[in-house]
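The next block is structure_39.cif, given as mmCIF, C-alpha atoms and all ligand atoms.
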data_work
#
loop_
_atom_site.label_atom_id
_atom_site.label_comp_id
_atom_site.auth_asym_id
_atom_site.auth_seq_id
_atom_site.Cartn_x
_atom_site.Cartn_y
_atom_site.Cartn_z
CA SER A 974 0.66 -3.66 -19.77
CA GLY A 975 1.91 -0.05 -19.51
CA GLN A 976 0.17 0.34 -22.88
CA SER A 977 -3.24 -0.72 -21.67
CA GLN A 978 -6.23 1.42 -22.44
CA TYR A 979 -9.30 1.47 -20.29
CA ARG A 980 -12.05 -0.94 -21.20
CA ILE A 981 -14.48 -2.76 -18.96
CA LEU A 982 -13.10 -6.28 -18.68
CA ARG A 983 -15.26 -9.33 -19.24
CA GLU A 984 -14.07 -12.74 -18.13
CA ALA A 985 -12.50 -13.62 -21.49
CA ASP A 986 -10.64 -10.26 -21.72
CA LEU A 987 -9.40 -10.68 -18.18
CA ARG A 988 -8.06 -14.17 -18.95
CA ASP A 989 -6.08 -12.82 -21.94
CA TYR A 990 -4.85 -9.84 -19.97
CA LEU A 991 -3.65 -11.91 -17.00
CA ALA A 992 -2.04 -14.48 -19.30
CA GLY A 993 0.34 -11.67 -20.34
CA LEU A 994 1.60 -11.13 -16.78
CA PRO A 995 4.32 -13.71 -15.97
CA ALA A 996 4.21 -13.23 -12.18
CA ILE A 997 0.44 -13.73 -12.13
CA VAL A 998 0.67 -16.76 -14.44
CA ALA A 999 3.24 -18.30 -12.09
CA HIS A 1000 1.12 -17.53 -9.02
CA LEU A 1001 -2.04 -19.05 -10.51
CA GLY A 1002 -0.45 -22.12 -12.08
CA GLY A 1003 -1.82 -24.23 -14.92
CA ALA A 1004 -2.87 -23.12 -18.38
CA PRO A 1005 -4.78 -19.82 -18.67
CA ALA A 1006 -7.56 -21.66 -20.51
CA ASP A 1007 -8.13 -23.74 -17.38
CA TRP A 1008 -8.34 -20.88 -14.88
CA SER A 1009 -11.76 -20.40 -13.35
CA ILE A 1010 -12.95 -16.79 -13.38
CA SER A 1011 -16.08 -15.44 -11.76
CA GLU A 1012 -17.29 -11.95 -10.99
CA VAL A 1013 -18.27 -11.75 -7.32
CA GLY A 1014 -18.53 -8.01 -6.68
CA ASP A 1015 -21.25 -7.29 -4.17
CA GLY A 1016 -20.17 -3.75 -3.38
CA ASN A 1017 -21.76 -0.55 -4.58
CA LEU A 1018 -19.05 0.63 -6.93
CA ASN A 1019 -16.73 -1.85 -8.66
CA LEU A 1020 -16.16 -5.19 -10.38
CA VAL A 1021 -14.34 -7.91 -8.46
CA PHE A 1022 -13.26 -11.16 -10.14
CA ILE A 1023 -11.99 -14.27 -8.39
CA VAL A 1024 -9.46 -16.11 -10.56
CA LYS A 1025 -8.20 -19.57 -9.65
CA GLY A 1026 -5.51 -21.69 -11.24
CA THR A 1027 -4.03 -25.03 -10.23
CA SER A 1028 -1.68 -23.58 -7.59
CA GLY A 1029 -3.25 -20.35 -6.39
CA GLY A 1030 -5.93 -17.71 -6.63
CA ILE A 1031 -6.20 -13.95 -6.89
CA ALA A 1032 -8.88 -11.29 -6.58
CA VAL A 1033 -8.96 -8.71 -9.37
CA LYS A 1034 -10.76 -5.45 -8.74
CA GLN A 1035 -11.58 -3.05 -11.57
CA ALA A 1036 -13.16 0.36 -11.15
CA LEU A 1037 -16.09 1.23 -13.42
CA PRO A 1038 -16.50 4.76 -14.76
CA TYR A 1039 -19.80 4.99 -12.88
CA VAL A 1040 -21.42 3.93 -9.60
CA ARG A 1041 -22.33 0.26 -9.97
CA LEU A 1042 -25.28 0.56 -7.56
CA VAL A 1043 -26.90 3.33 -9.61
CA GLY A 1044 -25.59 2.90 -13.17
CA GLU A 1045 -24.07 4.99 -15.94
CA SER A 1046 -26.15 8.03 -15.00
CA TRP A 1047 -23.84 8.57 -12.02
CA PRO A 1048 -20.26 8.88 -13.32
CA LEU A 1049 -17.36 8.36 -10.93
CA PRO A 1050 -13.65 8.82 -11.76
CA LEU A 1051 -11.53 5.76 -12.44
CA SER A 1052 -8.73 7.45 -10.49
CA ARG A 1053 -10.21 5.93 -7.33
CA ALA A 1054 -8.38 2.72 -8.27
CA HIS A 1055 -5.11 4.66 -8.08
CA TYR A 1056 -5.95 5.93 -4.57
CA GLU A 1057 -7.09 2.49 -3.46
CA HIS A 1058 -3.80 1.02 -4.63
CA LEU A 1059 -1.81 3.78 -2.92
CA ALA A 1060 -3.72 3.24 0.33
CA LEU A 1061 -3.33 -0.55 0.18
CA VAL A 1062 0.42 -0.23 -0.19
CA HIS A 1063 0.61 2.31 2.63
CA GLN A 1064 -1.56 0.16 4.93
CA ALA A 1065 0.44 -2.98 4.14
CA ARG A 1066 3.58 -1.18 5.29
CA LEU A 1067 2.03 0.16 8.51
CA ALA A 1068 -0.25 -2.75 9.40
CA PRO A 1069 1.39 -5.88 7.97
CA LYS A 1070 -0.87 -8.91 7.42
CA LEU A 1071 -4.04 -6.88 7.95
CA VAL A 1072 -4.64 -5.99 4.29
CA PRO A 1073 -4.47 -8.18 1.16
CA ALA A 1074 -1.08 -8.09 -0.58
CA VAL A 1075 -1.07 -6.26 -3.92
CA LEU A 1076 0.21 -8.47 -6.74
CA HIS A 1077 -0.27 -6.15 -9.72
CA HIS A 1078 -1.67 -2.71 -10.49
CA ASP A 1079 -2.60 -1.21 -13.86
CA GLY A 1080 -3.35 2.52 -13.73
CA PRO A 1081 -5.02 2.95 -17.15
CA LEU A 1082 -7.21 -0.14 -16.62
CA ALA A 1083 -8.03 1.04 -13.06
CA LEU A 1084 -7.28 -2.52 -12.01
CA THR A 1085 -5.58 -4.14 -9.02
CA ALA A 1086 -4.80 -7.83 -8.60
CA MET A 1087 -4.42 -8.87 -4.99
CA GLU A 1088 -4.12 -11.80 -2.66
CA LEU A 1089 -7.26 -13.95 -2.64
CA LEU A 1090 -8.79 -14.01 0.82
CA GLU A 1091 -10.04 -17.52 1.35
CA PRO A 1092 -11.88 -18.90 3.30
CA HIS A 1093 -12.60 -15.39 4.62
CA ILE A 1094 -16.08 -13.97 4.44
CA ILE A 1095 -17.39 -10.44 4.72
CA MET A 1096 -17.64 -9.72 8.44
CA ARG A 1097 -21.13 -8.25 8.15
CA LYS A 1098 -22.42 -11.62 6.91
CA GLY A 1099 -20.67 -13.47 9.71
CA LEU A 1100 -22.26 -11.15 12.26
CA ILE A 1101 -25.72 -11.71 10.79
CA GLY A 1102 -25.04 -15.41 11.30
CA ALA A 1103 -24.11 -14.71 14.95
CA THR A 1104 -20.48 -15.77 14.46
CA ARG A 1105 -17.94 -14.37 16.92
CA TYR A 1106 -14.47 -13.32 15.84
CA PRO A 1107 -12.07 -13.64 18.77
CA ARG A 1108 -9.20 -11.94 16.90
CA PHE A 1109 -11.19 -8.95 15.76
CA VAL A 1110 -10.54 -6.48 18.60
CA GLU A 1111 -6.82 -7.17 18.58
CA ASP A 1112 -6.51 -6.87 14.79
CA ILE A 1113 -8.75 -3.89 14.06
CA SER A 1114 -7.33 -1.89 16.98
CA THR A 1115 -3.83 -2.52 15.61
CA PHE A 1116 -4.94 -1.53 12.12
CA LEU A 1117 -6.54 1.69 13.38
CA ALA A 1118 -3.79 2.68 15.81
CA ARG A 1119 -0.93 2.08 13.37
CA THR A 1120 -2.44 3.44 10.15
CA LEU A 1121 -3.76 6.56 11.91
CA PHE A 1122 -0.78 7.29 14.18
CA PHE A 1123 1.90 6.84 11.53
CA SER A 1124 0.17 9.16 9.05
CA SER A 1125 -0.48 11.89 11.64
CA ASP A 1126 1.47 14.96 12.75
CA LEU A 1127 2.49 12.98 15.82
CA SER A 1128 4.63 10.76 13.59
CA LEU A 1129 5.42 12.74 10.42
CA THR A 1130 7.33 15.92 9.78
CA ALA A 1131 5.22 18.80 8.52
CA ALA A 1132 6.65 18.35 5.02
CA GLU A 1133 5.95 14.61 4.93
CA LYS A 1134 2.43 15.19 6.17
CA LYS A 1135 1.66 17.81 3.52
CA GLU A 1136 3.08 15.63 0.77
CA GLY A 1137 0.80 12.84 1.99
CA ILE A 1138 -2.20 15.15 1.88
CA ALA A 1139 -1.26 16.17 -1.67
CA ASP A 1140 -0.95 12.52 -2.75
CA PHE A 1141 -4.61 11.92 -1.88
CA ALA A 1142 -6.11 15.37 -2.54
CA GLY A 1143 -7.32 14.28 -5.99
CA ASN A 1144 -9.66 11.71 -4.47
CA HIS A 1145 -12.24 14.43 -3.88
CA ALA A 1146 -15.02 12.81 -5.93
CA LEU A 1147 -15.10 9.93 -3.45
CA CYS A 1148 -15.08 12.38 -0.54
CA LYS A 1149 -18.01 14.17 -2.18
CA ILE A 1150 -20.02 10.95 -2.13
CA THR A 1151 -19.49 10.79 1.63
CA GLU A 1152 -20.23 14.49 2.04
CA ASP A 1153 -23.54 14.09 0.22
CA LEU A 1154 -24.72 10.62 1.19
CA ILE A 1155 -23.65 10.61 4.84
CA PHE A 1156 -23.59 14.24 5.90
CA THR A 1157 -26.39 15.83 3.88
CA ASP A 1158 -29.02 13.75 2.08
CA PRO A 1159 -30.48 11.77 5.01
CA TYR A 1160 -31.47 15.12 6.57
CA ARG A 1161 -33.25 16.59 3.53
CA VAL A 1162 -35.55 15.51 0.73
CA ALA A 1163 -33.33 13.67 -1.75
CA GLU A 1164 -34.52 11.48 -4.59
CA GLN A 1165 -32.27 8.57 -3.66
CA ASN A 1166 -33.20 8.40 0.02
CA ARG A 1167 -35.22 5.44 1.14
CA TRP A 1168 -36.35 3.90 4.38
CA THR A 1169 -38.67 1.17 5.61
CA ALA A 1170 -42.01 2.75 4.71
CA PRO A 1171 -44.56 3.48 5.96
CA HIS A 1172 -43.23 2.53 9.39
CA LEU A 1173 -40.43 5.10 9.47
CA ASP A 1174 -42.15 7.87 7.48
CA ALA A 1175 -42.71 10.05 10.54
CA THR A 1176 -39.18 9.51 11.86
CA ALA A 1177 -37.64 10.38 8.48
CA ALA A 1178 -39.74 13.55 8.37
CA ALA A 1179 -38.68 14.46 11.91
CA PHE A 1180 -34.99 14.07 10.93
CA ARG A 1181 -35.60 16.39 7.98
CA ASP A 1182 -37.10 19.03 10.30
CA ASP A 1183 -34.73 18.83 13.25
CA LEU A 1184 -32.50 21.90 13.21
CA ASP A 1185 -30.50 20.75 16.23
CA LEU A 1186 -29.65 17.63 14.28
CA HIS A 1187 -28.87 19.67 11.15
CA VAL A 1188 -26.39 21.73 13.16
CA ALA A 1189 -24.80 18.59 14.63
CA ILE A 1190 -24.44 16.80 11.28
CA SER A 1191 -23.09 19.97 9.65
CA ARG A 1192 -20.42 20.28 12.35
CA LEU A 1193 -19.43 16.69 11.65
CA LYS A 1194 -19.42 17.38 7.91
CA LEU A 1195 -17.11 20.34 8.40
CA LYS A 1196 -14.82 18.18 10.51
CA PHE A 1197 -14.80 15.55 7.77
CA MET A 1198 -13.96 18.15 5.12
CA GLY A 1199 -11.50 20.29 7.03
CA SER A 1200 -9.44 18.04 9.31
CA PRO A 1201 -6.60 16.22 7.56
CA GLU A 1202 -5.48 14.49 10.75
CA ALA A 1203 -4.34 11.22 9.20
CA LEU A 1204 -4.70 9.01 6.13
CA ILE A 1205 -8.04 7.39 6.82
CA HIS A 1206 -9.57 4.36 5.11
CA GLY A 1207 -12.77 6.31 4.57
CA ASP A 1208 -15.21 3.39 4.25
CA LEU A 1209 -14.38 1.14 7.20
CA HIS A 1210 -17.72 -0.60 7.72
CA THR A 1211 -18.12 -4.31 8.42
CA GLY A 1212 -18.57 -4.88 4.66
CA SER A 1213 -14.97 -3.69 4.17
CA ILE A 1214 -13.59 -6.26 6.58
CA MET A 1215 -13.07 -9.92 5.65
CA VAL A 1216 -12.68 -12.41 8.45
CA ALA A 1217 -11.65 -15.98 9.05
CA ALA A 1218 -11.38 -17.62 12.45
CA SER A 1219 -7.73 -16.66 12.78
CA GLU A 1220 -7.43 -13.60 10.52
CA THR A 1221 -8.89 -10.14 10.00
CA MET A 1222 -8.33 -8.34 6.69
CA VAL A 1223 -9.30 -4.80 5.77
CA ILE A 1224 -10.24 -4.31 2.10
CA ASP A 1225 -11.64 -1.59 -0.17
CA PRO A 1226 -9.81 1.65 0.82
CA GLU A 1227 -10.90 3.55 -2.33
CA PHE A 1228 -12.30 6.41 -0.19
CA ALA A 1229 -8.91 7.01 1.44
CA PHE A 1230 -7.82 10.61 2.03
CA TYR A 1231 -6.38 12.72 4.86
CA GLY A 1232 -9.34 13.23 7.13
CA PRO A 1233 -10.42 12.97 10.75
CA MET A 1234 -9.36 9.82 12.58
CA GLY A 1235 -12.72 9.52 14.33
CA PHE A 1236 -14.38 8.80 10.99
CA ASP A 1237 -12.67 5.40 10.71
CA ILE A 1238 -13.03 4.48 14.39
CA GLY A 1239 -16.66 5.63 14.35
CA ALA A 1240 -17.32 3.55 11.22
CA VAL A 1241 -16.22 0.37 12.99
CA ILE A 1242 -18.12 1.16 16.18
CA GLY A 1243 -21.26 2.38 14.41
CA ASN A 1244 -21.41 -0.77 12.28
CA LEU A 1245 -20.95 -3.05 15.30
CA ILE A 1246 -23.77 -1.21 17.05
CA MET A 1247 -25.96 -1.66 13.98
CA ALA A 1248 -25.16 -5.39 14.02
CA TYR A 1249 -26.21 -5.39 17.69
CA LEU A 1250 -29.48 -3.56 17.10
CA ALA A 1251 -30.31 -5.65 14.00
CA SER A 1252 -29.65 -8.88 15.87
CA ALA A 1253 -33.14 -9.12 17.38
CA GLY A 1254 -34.49 -9.23 13.82
CA HIS A 1255 -32.45 -12.35 13.04
CA GLU A 1256 -33.41 -14.50 16.02
CA ARG A 1257 -35.65 -17.50 15.46
CA SER A 1258 -36.40 -18.02 19.14
CA PRO A 1259 -36.35 -15.39 21.89
CA GLY A 1260 -32.96 -14.87 23.51
CA GLU A 1261 -31.24 -17.25 21.09
CA ARG A 1262 -28.59 -14.65 20.22
CA ALA A 1263 -28.17 -13.15 23.70
CA SER A 1264 -24.61 -14.29 24.30
CA PHE A 1265 -23.58 -13.25 20.78
CA GLU A 1266 -25.14 -9.84 21.42
CA ALA A 1267 -23.21 -9.50 24.68
CA TRP A 1268 -20.04 -10.35 22.74
CA LEU A 1269 -20.85 -7.60 20.21
CA LEU A 1270 -21.05 -4.94 22.92
CA GLU A 1271 -17.86 -6.22 24.55
CA THR A 1272 -16.32 -5.92 21.11
CA VAL A 1273 -17.49 -2.31 20.78
CA GLU A 1274 -15.84 -1.55 24.12
CA GLY A 1275 -12.71 -3.46 23.18
CA VAL A 1276 -12.29 -1.66 19.85
CA TRP A 1277 -12.14 1.75 21.51
CA THR A 1278 -10.21 0.67 24.61
CA GLU A 1279 -7.55 -1.25 22.70
CA PHE A 1280 -7.29 1.39 19.97
CA ALA A 1281 -6.78 4.11 22.58
CA ARG A 1282 -4.23 2.05 24.50
CA LYS A 1283 -2.19 1.26 21.38
CA PHE A 1284 -2.41 4.78 19.96
CA VAL A 1285 -1.21 6.40 23.19
CA ALA A 1286 1.57 3.80 23.50
CA LEU A 1287 2.76 4.70 19.99
CA TRP A 1288 2.64 8.38 20.92
CA ARG A 1289 4.82 7.71 23.97
CA SER A 1290 7.38 5.61 22.14
CA GLU A 1291 7.33 6.64 18.46
CA ALA A 1292 6.52 10.36 18.38
CA LYS A 1293 8.91 11.71 15.75
CA GLY A 1294 6.48 14.20 14.26
CA ASP A 1295 6.42 17.97 14.34
CA GLY A 1296 3.13 18.06 16.27
CA TYR A 1297 4.35 18.13 19.87
CA PRO A 1298 8.02 19.22 19.94
CA VAL A 1299 9.77 17.47 22.83
CA SER A 1300 11.66 20.71 23.48
CA LEU A 1301 8.41 22.23 24.73
CA PHE A 1302 7.85 19.46 27.27
CA ALA A 1303 11.19 19.11 29.01
CA GLY A 1304 11.77 17.62 32.43
CA GLU A 1305 9.40 15.86 34.76
CA ALA A 1306 6.83 18.65 34.72
CA GLY A 1307 6.86 18.61 30.92
CA ALA A 1308 6.43 14.84 30.78
CA THR A 1309 3.51 14.97 33.22
CA ARG A 1310 1.85 17.75 31.29
CA LEU A 1311 2.33 15.97 27.96
CA GLU A 1312 0.80 12.79 29.36
CA ALA A 1313 -2.25 14.78 30.50
CA GLU A 1314 -2.42 16.29 27.02
CA ARG A 1315 -2.44 12.80 25.47
CA GLN A 1316 -5.44 11.93 27.58
CA ALA A 1317 -7.17 15.16 26.56
CA TYR A 1318 -6.44 14.38 22.91
CA MET A 1319 -8.00 10.93 23.26
CA ALA A 1320 -11.07 12.41 24.95
CA ARG A 1321 -11.59 14.75 21.98
CA LEU A 1322 -11.03 11.91 19.53
CA PHE A 1323 -13.61 9.87 21.39
CA GLN A 1324 -16.17 12.65 20.96
CA ASP A 1325 -15.50 12.69 17.20
CA THR A 1326 -15.83 8.90 17.15
CA VAL A 1327 -19.24 8.99 18.84
CA GLY A 1328 -20.51 11.64 16.41
CA PHE A 1329 -19.26 9.85 13.30
CA ALA A 1330 -20.60 6.48 14.54
CA ALA A 1331 -24.01 8.12 14.77
CA ALA A 1332 -23.73 9.68 11.31
CA LYS A 1333 -22.79 6.31 9.80
CA THR A 1334 -25.84 4.73 11.42
CA ILE A 1335 -28.39 7.30 10.28
CA ARG A 1336 -27.27 7.17 6.64
CA ARG A 1337 -27.80 3.38 6.51
CA ILE A 1338 -31.44 3.74 7.56
CA LEU A 1339 -32.61 6.98 5.91
CA GLY A 1340 -30.17 7.41 3.00
CA LEU A 1341 -29.31 5.70 -0.30
CA ALA A 1342 -27.04 2.83 0.73
CA HIS A 1343 -28.51 0.45 3.27
CA ASN A 1344 -26.86 -2.54 4.90
CA ILE A 1345 -27.90 -6.18 4.98
CA ASP A 1346 -27.86 -6.23 8.80
CA PHE A 1347 -31.23 -4.52 8.54
CA GLU A 1348 -32.22 -5.37 4.93
CA TRP A 1349 -32.11 -9.11 5.57
CA ILE A 1350 -34.77 -8.80 8.27
CA ALA A 1351 -37.60 -9.96 6.04
CA ASP A 1352 -40.45 -8.89 8.32
CA GLU A 1353 -40.66 -5.16 7.59
CA LYS A 1354 -42.38 -4.32 10.83
CA GLN A 1355 -39.65 -6.07 12.81
CA ARG A 1356 -36.99 -4.42 10.68
CA ALA A 1357 -38.51 -0.99 11.31
CA ILE A 1358 -38.49 -1.66 15.07
CA CYS A 1359 -34.75 -2.44 14.94
CA GLU A 1360 -34.04 0.55 12.70
CA ALA A 1361 -36.06 2.93 14.89
CA ARG A 1362 -33.95 1.87 17.90
CA ALA A 1363 -30.77 2.54 15.96
CA LEU A 1364 -32.06 5.96 14.87
CA LYS A 1365 -33.01 6.84 18.44
CA LEU A 1366 -29.58 5.88 19.74
CA ALA A 1367 -27.76 7.64 16.90
CA ARG A 1368 -29.79 10.79 17.39
CA SER A 1369 -28.85 10.98 21.04
CA MET A 1370 -25.18 10.19 20.28
CA MET A 1371 -25.18 13.07 17.82
CA LEU A 1372 -27.11 15.61 19.89
CA GLU A 1373 -25.76 14.73 23.33
CA THR A 1374 -22.25 13.71 22.35
CA PRO A 1375 -20.57 15.24 25.46
CA SER A 1376 -22.71 13.07 27.74
CA PHE A 1377 -20.96 10.00 26.26
CA THR A 1378 -17.66 10.32 28.09
CA THR A 1379 -16.74 6.63 27.97
CA ILE A 1380 -17.34 3.76 25.56
CA GLY A 1381 -19.25 2.11 28.41
CA ALA A 1382 -21.78 4.94 28.21
CA VAL A 1383 -22.30 4.11 24.52
CA THR A 1384 -22.85 0.37 25.07
CA LYS A 1385 -25.13 1.14 28.05
CA ALA A 1386 -27.26 3.40 25.84
CA ALA A 1387 -27.32 0.70 23.13
CA ARG A 1388 -28.59 -1.84 25.68
CA GLU A 1389 -31.21 0.55 26.97
CA VAL A 1390 -32.63 1.47 23.58
CA ARG A 1391 -33.73 -2.16 23.07
P1 LIG B 1401 -16.55 -2.29 -3.77
O1 LIG B 1401 -15.57 -1.17 -3.76
O2 LIG B 1401 -17.33 -2.37 -5.01
O3 LIG B 1401 -17.40 -2.30 -2.53
P2 LIG B 1401 -14.92 -4.42 -2.56
O4 LIG B 1401 -13.46 -4.13 -2.59
O5 LIG B 1401 -15.62 -4.16 -1.26
O6 LIG B 1401 -15.65 -3.63 -3.76
O7 LIG B 1401 -15.13 -5.94 -3.00
C1 LIG B 1401 -16.42 -6.44 -3.28
C2 LIG B 1401 -16.50 -7.88 -2.82
O8 LIG B 1401 -15.53 -8.68 -3.49
C3 LIG B 1401 -16.23 -8.06 -1.34
O9 LIG B 1401 -17.40 -7.87 -0.60
C4 LIG B 1401 -15.72 -9.49 -1.28
O10 LIG B 1401 -16.81 -10.39 -1.26
C5 LIG B 1401 -15.00 -9.65 -2.61
N1 LIG B 1401 -13.54 -9.40 -2.46
C6 LIG B 1401 -12.90 -8.21 -2.56
N2 LIG B 1401 -11.57 -8.35 -2.37
C7 LIG B 1401 -11.35 -9.67 -2.15
C8 LIG B 1401 -10.18 -10.46 -1.89
N3 LIG B 1401 -8.96 -9.92 -1.84
N4 LIG B 1401 -10.35 -11.81 -1.72
C9 LIG B 1401 -11.58 -12.38 -1.78
N5 LIG B 1401 -12.71 -11.68 -2.03
C10 LIG B 1401 -12.61 -10.34 -2.22
MG MG B 1402 -16.82 -2.60 -0.62
MG MG B 1403 -3.15 -14.87 4.58
MG MG B 1404 -15.59 0.29 -2.30
#
Can you dump the structure from the file as structure tokens?
Amino acid sequence: SGQSQYRILREADLRDYLAGLPAIVAHLGGAPADWSISEVGDGNLNLVFIVKGTSGGIAVKQALPYVRLVGESWPLPLSRAHYEHLALVHQARLAPKLVPAVLHHDGPLALTAMELLEPHIIMRKGLIGATRYPRFVEDISTFLARTLFFSSDLSLTAAEKKEGIADFAGNHALCKITEDLIFTDPYRVAEQNRWTAPHLDATAAAFRDDLDLHVAISRLKLKFMGSPEALIHGDLHTGSIMVAASETMVIDPEFAFYGPMGFDIGAVIGNLIMAYLASAGHERSPGERASFEAWLLETVEGVWTEFARKFVALWRSEAKGDGYPVSLFAGEAGATRLEAERQAYMARLFQDTVGFAAAKTIRRILGLAHNIDFEWIADEKQRAICEARALKLARSMMLETPSFTTIGAVTKAAREVR
């Protein structure tokens, strides 16, 4: 398979291709002719096939040379499959059992075969159905703390860190998508923008005219572009998380690069807040989802609190990086001062998290790529009410970020906007 040349695989081609890989044949079991193969990709960019044999299943993801959501008119490099594979392997090492195991990768075909997650579903869908995930806070906070800490200057030598940055520097086309679709287009006239019209016409226009907001989003954009703090997932919304009652799995790290940690944490928190504000649009009788909604806000609080606790604990016990030389913090006075500095670091990271959570929210309502939390609210007027609340909250999180000093202030504001 080192000889493979890129071609878009159909089911029959995939069957032949996989039949040539002994480890995959053994994993699947049975005769290749009897494997079931179906394309299930529901994302914006790639093909995903589920393949099942008599003894096991796999998921096979292949990058397309263009954006699936838009079509061939919007080319996108196949190299993203290489970065996704690299990130999956890195995350599997740092956060065992929280990402699907890679079973096979083919660079020229831009293809990765991985562990089939079953009976997992996409978390976003579970949340629309008001399902609670008791393991989520524990698992996602571990994923975030470990993947971010161990790729940061708190853990790595300067040389290791710069080699890591270089390994992912070529993934700039995926970064550019984020730079445009999250940090620019929702705030200007752009052909691909859409929103629930006519209800949100005036709000969309106000966002395009608000210079305070344009300054705030541009500061966040610059932070995204110019802060290689850690290897981030880069697309950590609730559609990139698959859940079962007892398991949380993070998928789809094709946007990975060395960027600001708050972008990943903010993605999780922003998407949970969107689930919360969309929830009213999914109720069939008033108050039916109240306890689920309370759980969602507890989850928002838990994600930050547990992440911060685990990250600081790693910093205390595993800091081998060049970032804070122990020789500068000797003795009891040094230890006390370093501990205060850890708290100051977390306070700054929290500010970034609040800003990025807001940016992730606004782009889902005024930009190109929307989410089903809102889209599945069939009544457009009701949907617009939910979306307007989310925009109002996000705007204040972006413009008044320093007033959100705790995660409790964020959940309080989310409650009050309803
Ligand atoms: P994209 O980059 O196009 O968004 P994803 O990696 O998010 O692609 O995968 C698209 C969909 O395929 C997911 O929403 C999920 O339903 C399914 N999927 C992806 N990976 C797996 C897996 N390992 N096991 C089961 N289903 C998967
Ligand atoms: Mg995806
Ligand atoms: Mg498993
Ligand atoms: Mg993707």
Could I get the residue neighbourhood of ligand MG 1404 (chain B) at 6 Å, counting only C-alpha atoms and all ligand atoms, as a PDB file with C-alpha atoms, in the coordinates of the input?
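Result file follows (part.pdb):
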ATOM      1  CA  LEU A1018     -19.050   0.630  -6.930  1.00  0.00           C
ATOM      2  CA  ASP A1225     -11.640  -1.590  -0.170  1.00  0.00           C
ATOM      3  CA  GLU A1227     -10.900   3.550  -2.330  1.00  0.00           C
TER       4      GLU A1227
END
* To do: Fewer than 2 positions away in the same chain doesn't count, so skip those; otherwise give me all residues within 8 Å of range 1127-1129 of chain A, counting all atoms listed in the file, as a count of residues only.
  => 16
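Separating CA of Ile1224 in chain A from atom N1 of ligand LIG 1401 (chain B) is a distance of 7.6 Å.
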* Nearby polymer residues, ligand MG 1403 (chain B), at most 8 Å, all atoms listed in the file, as a PyMOL selection string -> chain A and resi 1070+1073+1088+1090+1220
* Asked: CA of Gly1243 in chain A to CA of Ala1179 in chain A: how many Å, to one decimal?
  -> 21.3 Å
* To do: Report the distance between CA of Asp1325 in chain A and CA of Ile1190 in chain A in Å, rounded to one decimal place.
  =>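 Interatomic distance here is 11.5 Å.
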Nearby polymer residues, ligand LIG 1401 (chain B), at most 10 Å, all atoms listed in the file, as a compact mmCIF listing (two decimals) with C-alpha atoms, in the coordinates of the input:
# COMPACT_ATOMS: atom_id res chain seq x y z
CA GLU A 1012 -17.29 -11.95 -10.99
CA VAL A 1013 -18.27 -11.75 -7.32
CA GLY A 1014 -18.53 -8.01 -6.68
CA ASP A 1015 -21.25 -7.29 -4.17
CA GLY A 1016 -20.17 -3.75 -3.38
CA ASN A 1017 -21.76 -0.55 -4.58
CA LEU A 1018 -19.05 0.63 -6.93
CA ASN A 1019 -16.73 -1.85 -8.66
CA LEU A 1020 -16.16 -5.19 -10.38
CA VAL A 1021 -14.34 -7.91 -8.46
CA PHE A 1022 -13.26 -11.16 -10.14
CA ILE A 1023 -11.99 -14.27 -8.39
CA VAL A 1024 -9.46 -16.11 -10.56
CA GLY A 1030 -5.93 -17.71 -6.63
CA ILE A 1031 -6.20 -13.95 -6.89
CA ALA A 1032 -8.88 -11.29 -6.58
CA VAL A 1033 -8.96 -8.71 -9.37
CA LYS A 1034 -10.76 -5.45 -8.74
CA GLN A 1035 -11.58 -3.05 -11.57
CA ALA A 1036 -13.16 0.36 -11.15
CA LEU A 1037 -16.09 1.23 -13.42
CA VAL A 1040 -21.42 3.93 -9.60
CA ARG A 1041 -22.33 0.26 -9.97
CA LEU A 1042 -25.28 0.56 -7.56
CA ARG A 1053 -10.21 5.93 -7.33
CA ALA A 1054 -8.38 2.72 -8.27
CA GLU A 1057 -7.09 2.49 -3.46
CA VAL A 1072 -4.64 -5.99 4.29
CA PRO A 1073 -4.47 -8.18 1.16
CA ALA A 1074 -1.08 -8.09 -0.58
CA VAL A 1075 -1.07 -6.26 -3.92
CA THR A 1085 -5.58 -4.14 -9.02
CA ALA A 1086 -4.80 -7.83 -8.60
CA MET A 1087 -4.42 -8.87 -4.99
CA GLU A 1088 -4.12 -11.80 -2.66
CA LEU A 1089 -7.26 -13.95 -2.64
CA LEU A 1090 -8.79 -14.01 0.82
CA GLU A 1091 -10.04 -17.52 1.35
CA PRO A 1092 -11.88 -18.90 3.30
CA HIS A 1093 -12.60 -15.39 4.62
CA ILE A 1094 -16.08 -13.97 4.44
CA ILE A 1095 -17.39 -10.44 4.72
CA MET A 1096 -17.64 -9.72 8.44
CA ARG A 1097 -21.13 -8.25 8.15
CA LYS A 1098 -22.42 -11.62 6.91
CA ASP A 1208 -15.21 3.39 4.25
CA HIS A 1210 -17.72 -0.60 7.72
CA THR A 1211 -18.12 -4.31 8.42
CA GLY A 1212 -18.57 -4.88 4.66
CA SER A 1213 -14.97 -3.69 4.17
CA ILE A 1214 -13.59 -6.26 6.58
CA MET A 1215 -13.07 -9.92 5.65
CA MET A 1222 -8.33 -8.34 6.69
CA VAL A 1223 -9.30 -4.80 5.77
CA ILE A 1224 -10.24 -4.31 2.10
CA ASP A 1225 -11.64 -1.59 -0.17
CA PRO A 1226 -9.81 1.65 0.82
CA GLU A 1227 -10.90 3.55 -2.33
CA PHE A 1228 -12.30 6.41 -0.19
